[in-house]
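Q: This is the structure I have questions about; it appears just below.
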Amino acid sequence: MNWLTNFIPPKLKALVARKEAPENLWLKCPACEQMLFHRDLDANQQVCNHCGHHLRVRPLQRLPHLFDGGKYEVHTVPKPIVDPLKFRDQKRYIDRLKEAQSQAGPGGDGIVVASGQMEGQPAVVAIFDFGFMGGSMGMAVGEGVVTAARIAVQKKAPLILFSASGGARMQEGILSLMQMPRTTIAVREVKEAGLPYIVVLTDPTTGGVTASLAMLGDIHIAEPGSLIGFSGQRVTQAAIRETPPPDFQRAEFQYKHGMVDLVVHRHELRKTLARITAILMKRPAAEAA
Amino acid sequence: MPTYLDFEKPIADLEGKIAELRHQGSGDSAGIDIADEVAKLQAKVERQIRTTYTKLTAWQRVQVARHPERPHAKHYIAGLVEEFTPLAGDRGFAEDAAIMGGLGRIAGRPAMIIGQEKGDDTESRVKHNFGMVKPEGYRKAQRLMQLADRFGLPVVTFVDTAGAYPGIDAEERGQGEAIARSIEVCLDLRVPLVSLVIGEGGSGGAIAIAAANRVLMMEHSVYSVITPEGCASILWRSAEKAQEAAEAMRMTSDDLKKLAICDEIVPEPVGGAHRDPAAAVKAAGDAIARHLADLENLDGDTVRRARRDKFLAMGQVGL
């Protein structure tokens, strides 16, 4: 309170008064609840400066950190049929899609395919976008994986998948389930071409994505604290009527149970990926950057 | 006492009347009149069954697919597989009775048979975990499929599960990985793989053994990405909307045939497989034999390529 706020009548005050912390500039860490300034978060690749919690990121936030000089090429993915079942729940699927697409990244659905150099090594990446309808895997996402796999084979480059998904896109019914075998074939063809297929499991990776392409990597890397599992926690709780342990389905739990090779901090991802793929491809080590 | 579904009430009433008449008739000498009446009612009940079953809604199909007296994998195996020799275990952790598997001869051909079994009374349901397969079950299926591959035997799978088991122990042993690997093994096989959905094709739990050259469905079976109850509780935020979810997801054999997911619908006896299990099993056997014969002369690379191409091409037709 100062003389100004006391003096000016309420209507005028609304015009003059400064809003409280404008939206999006400050964010509360979901783990330690400290306030984080957006520039600090961006500089730190969306990792909390206080507790190291890895916040969820969208593909466009991740891409610049993966490739040398922040340079990469985004590949277009052929468009499948839209809304094949004319699905409607409380809302029409086509309307939900349009709404999600208004804030989508390149590609216009739940996955972005890109390629570039990682510490001097060529690599193709496919990154799920959890921000697009929960990263759910429908036909467009499946097509993205198929496309990424074909580009990897064409370029003779490793395929790196960043998974983040609630599972199948229910609004596409059985056709979303069929993305499990479709993507399995796609990554199988990368492996058969003698190329590495590396999966980076990020928060959260569940359902049909876990039960297909995300668990078929030559190497599984997980970001710390990520939720990784097959069944949703509510389903598990309902099925067994007991509360799961606190680290249930977290990256560290999956590491302990042998499903993940390495748990790697987001800052170390590019170097780790480049080192592993270079060894697998019998290429000389990247020069120290 | 047979089990009647809620929409079968008129059928139940008629069949109840017939039973009553028969009971009366067995006592006195008015047998002829009663026989006449019974025959009339019998004709009526048959008409009633036919009209009811020609216009089943998606939700009613789900109910029929889950009917407790519907033939299960063990009945198909008993009826169709000669010299069935069950094989057990994943060699790493355990035997999982939710997956039956073994060697045998189907339509005269040596083959590997794998099926999800739900059980049909309390004891057997517990034994088979209600058809909900655990990771060790999928790893057993992988082992059997790879064994078949090594000896050039075609694989036939019977699909019937509400979904893979979602417990903590299943998660600890890598349910996701087990399903993923099982799909991969299906797609790698250089021998023919024919799958028949006999009841419920429940999501990842089903596709794990159904990424096949030919996917057949019994007329009243269903196949979907999630149970209608699950879909309703997520998208409608109420499990009570399961009927709407069943319609919206397009999970009946007719819809899946139109979407080119199902290659052939095996017709069921009037009133569903549970009214005449032997006839249903026989119809299934004929269809399986035809598809196996169709695939048997293809070499390993061709049969695998054809399977992969089929799945890659999916999604080119909508409804």
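Identifiers for the structure tokens are assigned positionally: chains receive A, B, ... in sequence, residues are indexed from 1 per chain, and ligands are indexed from 1 in the order shown.
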Using only C-alpha atoms, determine which residues lie at most 12 Å from Gly258 in chain A, disregarding the query and same-chain residues fewer than 3 positions distant; provide the list as a ChimeraX atom specification.
A: /A:215,219-221,251-255,261-263 /B:171-174,177
Q: Please write the residues from the selection above to a file, keeping N, CA and C atoms, as an mmCIF file, in the first residue's frame.
A:
```cif
data_model
loop_
_atom_site.group_PDB
_atom_site.id
_atom_site.type_symbol
_atom_site.label_atom_id
_atom_site.label_comp_id
_atom_site.auth_asym_id
_atom_site.auth_seq_id
_atom_site.Cartn_x
_atom_site.Cartn_y
_atom_site.Cartn_z
ATOM 1 N N MET A 215 9.657 -49.826 -25.384
ATOM 2 C CA MET A 215 10.374 -50.871 -24.639
ATOM 3 C C MET A 215 11.175 -51.773 -25.571
ATOM 4 N N ILE A 219 18.943 -49.709 -26.467
ATOM 5 C CA ILE A 219 19.352 -49.138 -25.184
ATOM 6 C C ILE A 219 18.226 -48.248 -24.673
ATOM 7 N N HIS A 220 17.941 -48.371 -23.377
ATOM 8 C CA HIS A 220 16.895 -47.538 -22.764
ATOM 9 C C HIS A 220 17.527 -46.547 -21.800
ATOM 10 N N ILE A 221 17.298 -45.266 -22.056
ATOM 11 C CA ILE A 221 17.763 -44.216 -21.158
ATOM 12 C C ILE A 221 16.508 -43.559 -20.579
ATOM 13 N N ALA A 251 11.428 -43.697 -12.992
ATOM 14 C CA ALA A 251 12.626 -44.105 -13.741
ATOM 15 C C ALA A 251 13.534 -44.992 -12.880
ATOM 16 N N GLU A 252 13.670 -44.613 -11.612
ATOM 17 C CA GLU A 252 14.588 -45.326 -10.724
ATOM 18 C C GLU A 252 14.054 -46.732 -10.408
ATOM 19 N N PHE A 253 12.727 -46.834 -10.304
ATOM 20 C CA PHE A 253 12.063 -48.131 -10.102
ATOM 21 C C PHE A 253 12.323 -49.027 -11.321
ATOM 22 N N GLN A 254 12.173 -48.452 -12.507
ATOM 23 C CA GLN A 254 12.389 -49.228 -13.731
ATOM 24 C C GLN A 254 13.853 -49.629 -13.879
ATOM 25 N N TYR A 255 14.739 -48.758 -13.400
ATOM 26 C CA TYR A 255 16.170 -49.081 -13.419
ATOM 27 C C TYR A 255 16.437 -50.268 -12.497
ATOM 28 N N ASP A 261 18.573 -48.998 -18.943
ATOM 29 C CA ASP A 261 20.028 -49.129 -18.814
ATOM 30 C C ASP A 261 20.627 -48.023 -17.955
ATOM 31 N N LEU A 262 20.170 -46.798 -18.220
ATOM 32 C CA LEU A 262 20.784 -45.641 -17.584
ATOM 33 C C LEU A 262 19.718 -44.609 -17.237
ATOM 34 N N VAL A 263 19.897 -43.962 -16.097
ATOM 35 C CA VAL A 263 19.080 -42.788 -15.793
ATOM 36 C C VAL A 263 20.003 -41.594 -15.984
ATOM 37 N N GLU B 171 3.978 -55.046 -13.151
ATOM 38 C CA GLU B 171 4.779 -53.870 -13.510
ATOM 39 C C GLU B 171 6.248 -54.097 -13.155
ATOM 40 N N GLU B 172 6.466 -54.717 -12.003
ATOM 41 C CA GLU B 172 7.848 -54.964 -11.571
ATOM 42 C C GLU B 172 8.591 -55.881 -12.542
ATOM 43 N N ARG B 173 7.842 -56.785 -13.139
ATOM 44 C CA ARG B 173 8.496 -57.719 -14.058
ATOM 45 C C ARG B 173 8.401 -57.259 -15.507
ATOM 46 N N GLY B 174 7.953 -56.018 -15.720
ATOM 47 C CA GLY B 174 8.024 -55.445 -17.057
ATOM 48 C C GLY B 174 6.902 -55.869 -17.977
ATOM 49 N N GLU B 177 7.301 -54.260 -21.451
ATOM 50 C CA GLU B 177 8.342 -54.899 -22.266
ATOM 51 C C GLU B 177 7.884 -56.260 -22.758
#
```
Q: I'd like to know which residues of range 122-256 of chain B are alpha helix (DSSP H) (by DSSP, run on the backbone); could you write them as a PyMOL selection string?
A: chain B and resi 122-127+135-150+168-172+175-188+203-207+228-231+242-249+253-256
Q: What residues in chain A have any atom no more than 6 Å from chain B when counting only C-alpha atoms, and can you write them as number ranges by chain?
A: A: 84-85, 87, 173-174, 177, 182, 210-212, 215, 230-231, 236
Q: Save out the residues we just selected, N, CA, C and O atoms, as a PDB file, in the first residue's frame.
A:
```pdb
ATOM      1  N   PRO A  84     -11.018 -41.271 -38.430  1.00  0.00           N
ATOM      2  CA  PRO A  84     -11.542 -42.386 -39.235  1.00  0.00           C
ATOM      3  C   PRO A  84     -12.850 -42.970 -38.694  1.00  0.00           C
ATOM      4  O   PRO A  84     -13.622 -43.536 -39.458  1.00  0.00           O
ATOM      5  N   LEU A  85     -13.099 -42.855 -37.404  1.00  0.00           N
ATOM      6  CA  LEU A  85     -14.302 -43.470 -36.828  1.00  0.00           C
ATOM      7  C   LEU A  85     -15.433 -42.468 -36.644  1.00  0.00           C
ATOM      8  O   LEU A  85     -16.503 -42.836 -36.165  1.00  0.00           O
ATOM      9  N   PHE A  87     -15.528 -40.191 -34.422  1.00  0.00           N
ATOM     10  CA  PHE A  87     -15.686 -40.457 -32.986  1.00  0.00           C
ATOM     11  C   PHE A  87     -16.248 -39.246 -32.257  1.00  0.00           C
ATOM     12  O   PHE A  87     -15.893 -38.106 -32.536  1.00  0.00           O
ATOM     13  N   GLY A 173      -9.853 -45.516 -31.761  1.00  0.00           N
ATOM     14  CA  GLY A 173     -10.253 -46.902 -31.558  1.00  0.00           C
ATOM     15  C   GLY A 173      -9.168 -47.895 -31.914  1.00  0.00           C
ATOM     16  O   GLY A 173      -7.997 -47.720 -31.575  1.00  0.00           O
ATOM     17  N   ILE A 174      -9.590 -48.926 -32.610  1.00  0.00           N
ATOM     18  CA  ILE A 174      -8.694 -50.036 -32.935  1.00  0.00           C
ATOM     19  C   ILE A 174      -7.511 -49.568 -33.785  1.00  0.00           C
ATOM     20  O   ILE A 174      -6.424 -50.138 -33.724  1.00  0.00           O
ATOM     21  N   LEU A 177      -4.722 -48.828 -31.633  1.00  0.00           N
ATOM     22  CA  LEU A 177      -4.070 -50.057 -31.137  1.00  0.00           C
ATOM     23  C   LEU A 177      -3.112 -50.609 -32.199  1.00  0.00           C
ATOM     24  O   LEU A 177      -2.034 -51.113 -31.881  1.00  0.00           O
ATOM     25  N   ARG A 182       2.497 -51.439 -35.894  1.00  0.00           N
ATOM     26  CA  ARG A 182       3.074 -50.623 -36.978  1.00  0.00           C
ATOM     27  C   ARG A 182       4.412 -50.010 -36.552  1.00  0.00           C
ATOM     28  O   ARG A 182       5.399 -50.060 -37.286  1.00  0.00           O
ATOM     29  N   THR A 210       4.441 -47.695 -24.010  1.00  0.00           N
ATOM     30  CA  THR A 210       5.359 -48.533 -23.235  1.00  0.00           C
ATOM     31  C   THR A 210       5.311 -49.978 -23.739  1.00  0.00           C
ATOM     32  O   THR A 210       6.345 -50.639 -23.820  1.00  0.00           O
ATOM     33  N   ALA A 211       4.102 -50.427 -24.081  1.00  0.00           N
ATOM     34  CA  ALA A 211       3.937 -51.829 -24.476  1.00  0.00           C
ATOM     35  C   ALA A 211       4.244 -52.049 -25.953  1.00  0.00           C
ATOM     36  O   ALA A 211       3.821 -53.034 -26.539  1.00  0.00           O
ATOM     37  N   SER A 212       4.973 -51.123 -26.562  1.00  0.00           N
ATOM     38  CA  SER A 212       5.434 -51.357 -27.930  1.00  0.00           C
ATOM     39  C   SER A 212       6.775 -50.663 -28.127  1.00  0.00           C
ATOM     40  O   SER A 212       7.752 -51.040 -27.473  1.00  0.00           O
ATOM     41  N   MET A 215       9.657 -49.826 -25.384  1.00  0.00           N
ATOM     42  CA  MET A 215      10.374 -50.871 -24.639  1.00  0.00           C
ATOM     43  C   MET A 215      11.175 -51.773 -25.571  1.00  0.00           C
ATOM     44  O   MET A 215      11.606 -52.858 -25.174  1.00  0.00           O
ATOM     45  N   PHE A 230       3.236 -49.539 -17.649  1.00  0.00           N
ATOM     46  CA  PHE A 230       2.210 -50.001 -18.581  1.00  0.00           C
ATOM     47  C   PHE A 230       0.835 -49.543 -18.108  1.00  0.00           C
ATOM     48  O   PHE A 230       0.166 -48.767 -18.765  1.00  0.00           O
ATOM     49  N   SER A 231       0.423 -49.992 -16.941  1.00  0.00           N
ATOM     50  CA  SER A 231      -0.911 -49.648 -16.441  1.00  0.00           C
ATOM     51  C   SER A 231      -0.897 -48.287 -15.768  1.00  0.00           C
ATOM     52  O   SER A 231       0.070 -47.940 -15.107  1.00  0.00           O
ATOM     53  N   THR A 236      -4.099 -49.799 -11.572  1.00  0.00           N
ATOM     54  CA  THR A 236      -3.377 -50.729 -10.700  1.00  0.00           C
ATOM     55  C   THR A 236      -3.979 -50.712  -9.304  1.00  0.00           C
ATOM     56  O   THR A 236      -4.233 -51.763  -8.712  1.00  0.00           O
TER      57      THR A 236
END
```
Q: Write out as a PyMOL selection string the set of residues from range 108-277 of chain B that DSSP, computed on the backbone, places in strand (DSSP E).
A: chain B and resi 109-116+155-161+193-202+214-218+222-224+264-266
Q: Excluding same-chain residues fewer than 5 positions from range 31-38 of chain A, what lies within 7 Å of it counting only C-alpha atoms, as number ranges by chain?
A: A: 25-26, 51, 53
Q: So how many Å separate CA of Met137 in chain A and CA of Ala186 in chain A, to one decimal?
A: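 These two atoms are separated by 14.4 Å.
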Q: From the options A:Met281, A:Gly120, A:Phe128, A:Pro204, which residue's atoms come nearest to Phe67 in chain A, counting only C-alpha atoms?
A: A:Gly120
Q: Which residues, written as a ChimeraX atom specification, have at least one atom at most 9 Å from Ala289 in chain B, with only C-alpha atoms counted and residues fewer than 6 positions away on the same chain left out?
A: /B:106-109
Q: Would you pick out the contacts of Pro154 in chain B at 10 Å or less, using only C-alpha atoms, so that residues sharing its chain but fewer than 5 positions from it are not included, and give the list as a PyMOL selection string?
A: chain B and resi 106+109-113+145+148-149+189-194+292+295-296
Q: Between A:Val187, A:Ala100, A:Leu55, A:Ala43, which has the minimum distance to Cys29 in chain A (counting only C-alpha atoms)?
A: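 Using only C-alpha atoms, the shortest distance to Cys29 in chain A belongs to A:Leu55.
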